[in-house]
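Have a look at the structure below, then the notes.
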Amino acid sequence: MQSPRGKFITLEGGEGVGKSTNLQFVIQWLDSHGVEFVQTREPGGTPLAEQLRELLLQKRAENVDPTAELLMVFAARAQHLREVIVPALESGKWVICDRFTDATYAYQGGGRGLDRALISQLEQTVQKDLRPDKVLLLDLDPEIGLQRAAATGEADRFESEQLSFFRKVREAYRERALAAPERYAIIDAAQPLVDVQQQLAKELTGLLHG
Ligand SMILES: Nc1ncnc2c1ncn2[C@@H]1O[C@H](COP(=O)(O)OP(=O)(O)OP(=O)(O)O)[C@@H](O)[C@H]1O
Ligand SMILES: [Mg+2]
């Protein structure tokens, strides 16, 4: 008997908004509700895609061409979809992913200023009709996010960008979420963690029963 397709949930937001922290909460919630799931992240999630992640995040003397960056992101995503995400969803497992294509619209589109139509073309080519069932967007002033992120280690190539870059990233995320409210939950990540997680639980309950 074929199991129904699993749900695809992504956690999004700028630097230090609490994606990784809240991913732990989400997987505990799924566990305690008997949901089978796969936990993963982007860029990355397979050996090849993790190598591409390294290439993307490394600070380097050479300026990275924004289109080269965009293509590396989608190269990693194609591999990740084929090896991990699609098989899991088809087997009925849920997939919970730390960042996905909304991050590409936010960072490469908003931050780098690349054409959204180009991103959309690549999205269609690489993902076909696959889109997240729910995007949990942790929304936070990037000044606060960067302060939080700074406390957790050395800045990577993205974290070394100017504040103006992260303001554009936040705006691009918000625009996408506001344009499709049924697929996005905008969560105020400046709230204490318990309040963030109460809202996450509400969203998860809706997905499980809806
Ligand atoms: N709601 C919150 N209030 C206060 N601190 C928080 C909150 N959420 C997360 N933090 C703290 O902020 C820091 C960054 O959180 P986390 O690593 O989960 O963010 P992230 O979005 O995964 O960051 P990155 O973009 O660097 O991967 C951690 O020290 C975490 O404990
Ligand atoms: Mg993280």
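How things are named: the first chain in the structure tokens is A, the next is B, and so on; residues count from 1 in each chain; ligands count from 1 in the order shown.
Within the 10 Å cut-off around Phe37 (chain A), using only C-alpha atoms and omitting residues fewer than 6 positions from it on the same chain, the listed residues are Gly6, Lys7, Phe8, Ile27, Leu30, Asp31, Ala88, Leu89, Gly92, Lys93, Trp94, Val95 and Ile96 of chain A.
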Now that the selection is made, can you save its residues with C-alpha atoms as a compact mmCIF listing (two decimals), in the first residue's frame?
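Listed below is the output, again_23.txt:
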# COMPACT_ATOMS: atom_id res chain seq x y z
CA GLY A 6 4.88 13.43 3.80
CA LYS A 7 4.80 17.12 4.57
CA PHE A 8 7.69 19.37 3.64
CA ILE A 27 11.90 17.58 15.62
CA LEU A 30 7.27 15.60 15.58
CA ASP A 31 8.85 12.79 17.60
CA ALA A 88 11.65 10.78 2.08
CA LEU A 89 8.43 12.56 1.08
CA GLY A 92 5.49 9.19 3.65
CA LYS A 93 8.09 10.79 5.91
CA TRP A 94 7.97 14.47 6.71
CA VAL A 95 11.01 16.54 5.83
CA ILE A 96 12.13 19.40 8.03
*Exercise answer, 10 Å around ligand 1 with only C-alpha atoms and all ligand atoms, as a PyMOL selection string*: chain A and resi 11-24+41+98-99+138-140+144-156+158-159+188-197
_Polymer residues at most 10 Å from Leu55 (chain A), only C-alpha atoms, same-chain spacing of 4 or more positions, as a PyMOL selection string_ = chain A and resi 49-51+59-60+69+72+157
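Minimum atom-to-atom distance to ligand 2, evaluated using only C-alpha atoms and all ligand atoms, belongs to A:Cys97 out of A:Ile9, A:Gln28, A:Cys97, A:Val135.
Reported to one decimal place, the separation of CA of Ala61 (chain A) from CA of Ala106 (chain A) is 24.0 Å.
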*asked:* Give me the residues near Arg183 (chain A) as a VMD selection string, where near means some atom within 9 Å (using only C-alpha atoms) and where sequence neighbours in that chain fewer than 4 positions away do not count.
replied: chain A and resid 132 to 136 177
For the residues in the current selection, export N, CA, C and O atoms as a PDB file, in the first residue's frame.
ATOM      1  N   PRO A 132       7.647  23.794  -0.507  1.00  0.00           N
ATOM      2  CA  PRO A 132       7.339  23.454   0.886  1.00  0.00           C
ATOM      3  C   PRO A 132       5.842  23.568   1.174  1.00  0.00           C
ATOM      4  O   PRO A 132       5.164  24.442   0.626  1.00  0.00           O
ATOM      5  N   ASP A 133       5.337  22.668   2.018  1.00  0.00           N
ATOM      6  CA  ASP A 133       3.945  22.779   2.450  1.00  0.00           C
ATOM      7  C   ASP A 133       3.781  23.945   3.416  1.00  0.00           C
ATOM      8  O   ASP A 133       2.740  24.583   3.460  1.00  0.00           O
ATOM      9  N   LYS A 134       4.827  24.157   4.211  1.00  0.00           N
ATOM     10  CA  LYS A 134       4.787  25.295   5.147  1.00  0.00           C
ATOM     11  C   LYS A 134       6.198  25.840   5.348  1.00  0.00           C
ATOM     12  O   LYS A 134       7.141  25.082   5.596  1.00  0.00           O
ATOM     13  N   VAL A 135       6.306  27.153   5.225  1.00  0.00           N
ATOM     14  CA  VAL A 135       7.572  27.838   5.500  1.00  0.00           C
ATOM     15  C   VAL A 135       7.413  28.562   6.833  1.00  0.00           C
ATOM     16  O   VAL A 135       6.521  29.409   6.982  1.00  0.00           O
ATOM     17  N   LEU A 136       8.240  28.207   7.783  1.00  0.00           N
ATOM     18  CA  LEU A 136       8.224  28.861   9.088  1.00  0.00           C
ATOM     19  C   LEU A 136       9.291  29.957   9.043  1.00  0.00           C
ATOM     20  O   LEU A 136      10.492  29.677   9.116  1.00  0.00           O
ATOM     21  N   ALA A 177       6.573  36.005   2.011  1.00  0.00           N
ATOM     22  CA  ALA A 177       5.636  35.457   2.990  1.00  0.00           C
ATOM     23  C   ALA A 177       4.292  36.179   2.919  1.00  0.00           C
ATOM     24  O   ALA A 177       3.231  35.558   2.968  1.00  0.00           O
TER      25      ALA A 177
END
_Per-residue DSSP, region 31-181 of chain A, filtered to helix (DSSP H, G or I), as a ChimeraX atom specification_ = /A:31-32,47-57,66-90,101-111,116-127,142-150,163-179
*asked:* Calculated over only C-alpha atoms and all ligand atoms, which of the candidates A:Gln127, A:Ser32, A:Ser3, A:Thr40 has the smallest distance to ligand 2?
replied: A:Thr40
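Proximity of A:Gly110, A:Arg116, A:Glu62, A:Pro43 to ligand 2, computed with only C-alpha atoms and all ligand atoms, is greatest for A:Pro43.
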*Could you pull out the residues in region 30-207 of chain A that DSSP calls strand (DSSP E or B) from the backbone, as a PyMOL selection string?*
chain A and resi 37-41+94-98+134-139+184-188
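Summary of the local environment: counting only C-alpha atoms, residues at most 12 Å from Asp65 (chain A), other than itself and those fewer than 2 positions away along its chain, are Leu56, Glu62, Asn63, Thr67, Ala68, Glu69, Leu70, Leu71, Met72, Gln108, Arg112, Gly113 and Leu114 of chain A.
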Dump all heavy atoms for the selected residues as an mmCIF file, in the first residue's frame?
data_model
loop_
_atom_site.group_PDB
_atom_site.id
_atom_site.type_symbol
_atom_site.label_atom_id
_atom_site.label_comp_id
_atom_site.auth_asym_id
_atom_site.auth_seq_id
_atom_site.Cartn_x
_atom_site.Cartn_y
_atom_site.Cartn_z
ATOM 1 N N LEU A 56 30.540 27.499 -0.863
ATOM 2 C CA LEU A 56 29.725 28.708 -0.795
ATOM 3 C C LEU A 56 30.057 29.565 0.428
ATOM 4 O O LEU A 56 30.005 30.793 0.362
ATOM 5 C CB LEU A 56 28.239 28.330 -0.754
ATOM 6 C CG LEU A 56 27.607 27.971 -2.099
ATOM 7 C CD1 LEU A 56 26.337 27.151 -1.897
ATOM 8 C CD2 LEU A 56 27.303 29.246 -2.895
ATOM 9 N N GLU A 62 38.978 35.977 -3.891
ATOM 10 C CA GLU A 62 38.280 36.184 -5.156
ATOM 11 C C GLU A 62 36.839 36.641 -4.897
ATOM 12 O O GLU A 62 36.171 36.111 -4.013
ATOM 13 C CB GLU A 62 38.274 34.813 -5.851
ATOM 14 C CG GLU A 62 37.735 34.771 -7.235
ATOM 15 C CD GLU A 62 37.811 33.335 -7.786
ATOM 16 O OE1 GLU A 62 38.357 32.438 -7.096
ATOM 17 O OE2 GLU A 62 37.321 33.120 -8.896
ATOM 18 N N ASN A 63 36.357 37.606 -5.679
ATOM 19 C CA ASN A 63 34.944 37.975 -5.578
ATOM 20 C C ASN A 63 34.114 36.897 -6.251
ATOM 21 O O ASN A 63 34.424 36.492 -7.364
ATOM 22 C CB ASN A 63 34.686 39.306 -6.283
ATOM 23 C CG ASN A 63 35.178 40.474 -5.458
ATOM 24 O OD1 ASN A 63 35.079 40.456 -4.222
ATOM 25 N ND2 ASN A 63 35.724 41.465 -6.108
ATOM 26 N N THR A 67 25.893 35.086 -10.017
ATOM 27 C CA THR A 67 25.267 34.006 -10.791
ATOM 28 C C THR A 67 25.960 32.676 -10.512
ATOM 29 O O THR A 67 25.301 31.627 -10.436
ATOM 30 C CB THR A 67 25.276 34.328 -12.304
ATOM 31 O OG1 THR A 67 24.697 35.618 -12.485
ATOM 32 C CG2 THR A 67 24.484 33.312 -13.088
ATOM 33 N N ALA A 68 27.275 32.709 -10.338
ATOM 34 C CA ALA A 68 28.004 31.486 -9.967
ATOM 35 C C ALA A 68 27.487 30.984 -8.613
ATOM 36 O O ALA A 68 27.240 29.788 -8.423
ATOM 37 C CB ALA A 68 29.505 31.765 -9.904
ATOM 38 N N GLU A 69 27.285 31.924 -7.689
ATOM 39 C CA GLU A 69 26.755 31.572 -6.362
ATOM 40 C C GLU A 69 25.371 30.940 -6.490
ATOM 41 O O GLU A 69 25.085 29.887 -5.892
ATOM 42 C CB GLU A 69 26.696 32.844 -5.514
ATOM 43 C CG GLU A 69 26.224 32.617 -4.098
ATOM 44 C CD GLU A 69 26.245 33.919 -3.320
ATOM 45 O OE1 GLU A 69 27.348 34.392 -2.973
ATOM 46 O OE2 GLU A 69 25.151 34.478 -3.055
ATOM 47 N N LEU A 70 24.534 31.568 -7.304
ATOM 48 C CA LEU A 70 23.165 31.070 -7.499
ATOM 49 C C LEU A 70 23.171 29.649 -8.067
ATOM 50 O O LEU A 70 22.414 28.780 -7.608
ATOM 51 C CB LEU A 70 22.418 32.012 -8.443
ATOM 52 C CG LEU A 70 20.997 31.600 -8.831
ATOM 53 C CD1 LEU A 70 20.066 31.708 -7.634
ATOM 54 C CD2 LEU A 70 20.476 32.479 -9.974
ATOM 55 N N LEU A 71 24.021 29.415 -9.050
ATOM 56 C CA LEU A 71 24.058 28.086 -9.687
ATOM 57 C C LEU A 71 24.597 27.026 -8.727
ATOM 58 O O LEU A 71 24.136 25.877 -8.740
ATOM 59 C CB LEU A 71 24.888 28.143 -10.976
ATOM 60 C CG LEU A 71 24.247 28.983 -12.091
ATOM 61 C CD1 LEU A 71 25.215 29.159 -13.256
ATOM 62 C CD2 LEU A 71 22.937 28.359 -12.576
ATOM 63 N N MET A 72 25.534 27.409 -7.874
ATOM 64 C CA MET A 72 26.031 26.445 -6.881
ATOM 65 C C MET A 72 24.936 26.072 -5.882
ATOM 66 O O MET A 72 24.812 24.919 -5.475
ATOM 67 C CB MET A 72 27.249 27.008 -6.151
ATOM 68 C CG MET A 72 28.512 26.918 -6.977
ATOM 69 S SD MET A 72 29.974 26.921 -5.933
ATOM 70 C CE MET A 72 30.072 28.657 -5.566
ATOM 71 N N GLN A 108 20.204 35.578 -2.638
ATOM 72 C CA GLN A 108 20.702 35.841 -3.988
ATOM 73 C C GLN A 108 19.783 36.857 -4.707
ATOM 74 O O GLN A 108 20.269 37.653 -5.500
ATOM 75 C CB GLN A 108 20.822 34.535 -4.790
ATOM 76 C CG GLN A 108 22.066 33.700 -4.435
ATOM 77 C CD GLN A 108 21.987 33.031 -3.069
ATOM 78 O OE1 GLN A 108 20.956 32.471 -2.701
ATOM 79 N NE2 GLN A 108 23.076 33.115 -2.308
ATOM 80 N N ARG A 112 21.746 39.946 -3.090
ATOM 81 C CA ARG A 112 22.670 40.174 -4.227
ATOM 82 C C ARG A 112 22.022 40.933 -5.372
ATOM 83 O O ARG A 112 22.704 41.368 -6.299
ATOM 84 C CB ARG A 112 23.165 38.836 -4.791
ATOM 85 C CG ARG A 112 23.852 37.929 -3.810
ATOM 86 C CD ARG A 112 25.311 38.291 -3.617
ATOM 87 N NE ARG A 112 25.974 37.299 -2.793
ATOM 88 C CZ ARG A 112 26.659 37.594 -1.693
ATOM 89 N NH1 ARG A 112 26.764 38.845 -1.271
ATOM 90 N NH2 ARG A 112 27.240 36.627 -0.999
ATOM 91 N N GLY A 113 20.687 40.984 -5.374
ATOM 92 C CA GLY A 113 19.994 41.744 -6.416
ATOM 93 C C GLY A 113 19.807 40.988 -7.726
ATOM 94 O O GLY A 113 19.554 41.598 -8.768
ATOM 95 N N LEU A 114 19.910 39.665 -7.702
ATOM 96 C CA LEU A 114 19.690 38.891 -8.930
ATOM 97 C C LEU A 114 18.205 38.891 -9.305
ATOM 98 O O LEU A 114 17.328 38.992 -8.437
ATOM 99 C CB LEU A 114 20.168 37.446 -8.753
ATOM 100 C CG LEU A 114 21.687 37.244 -8.746
ATOM 101 C CD1 LEU A 114 22.021 35.791 -8.427
ATOM 102 C CD2 LEU A 114 22.303 37.646 -10.080
#
*Expressed in Å to a single decimal, how great is the separation between CA of Gly45 (chain A) and CA of Thr101 (chain A)?*
13.9 Å
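Atom to atom, CA of Ile187 (chain A) and CA of Asp102 (chain A) stand 15.1 Å apart.
Nearest residue to ligand 2, choosing from A:Tyr173, A:Glu42, A:Pro181, A:Arg5 and counting only C-alpha atoms and all ligand atoms: A:Glu42.
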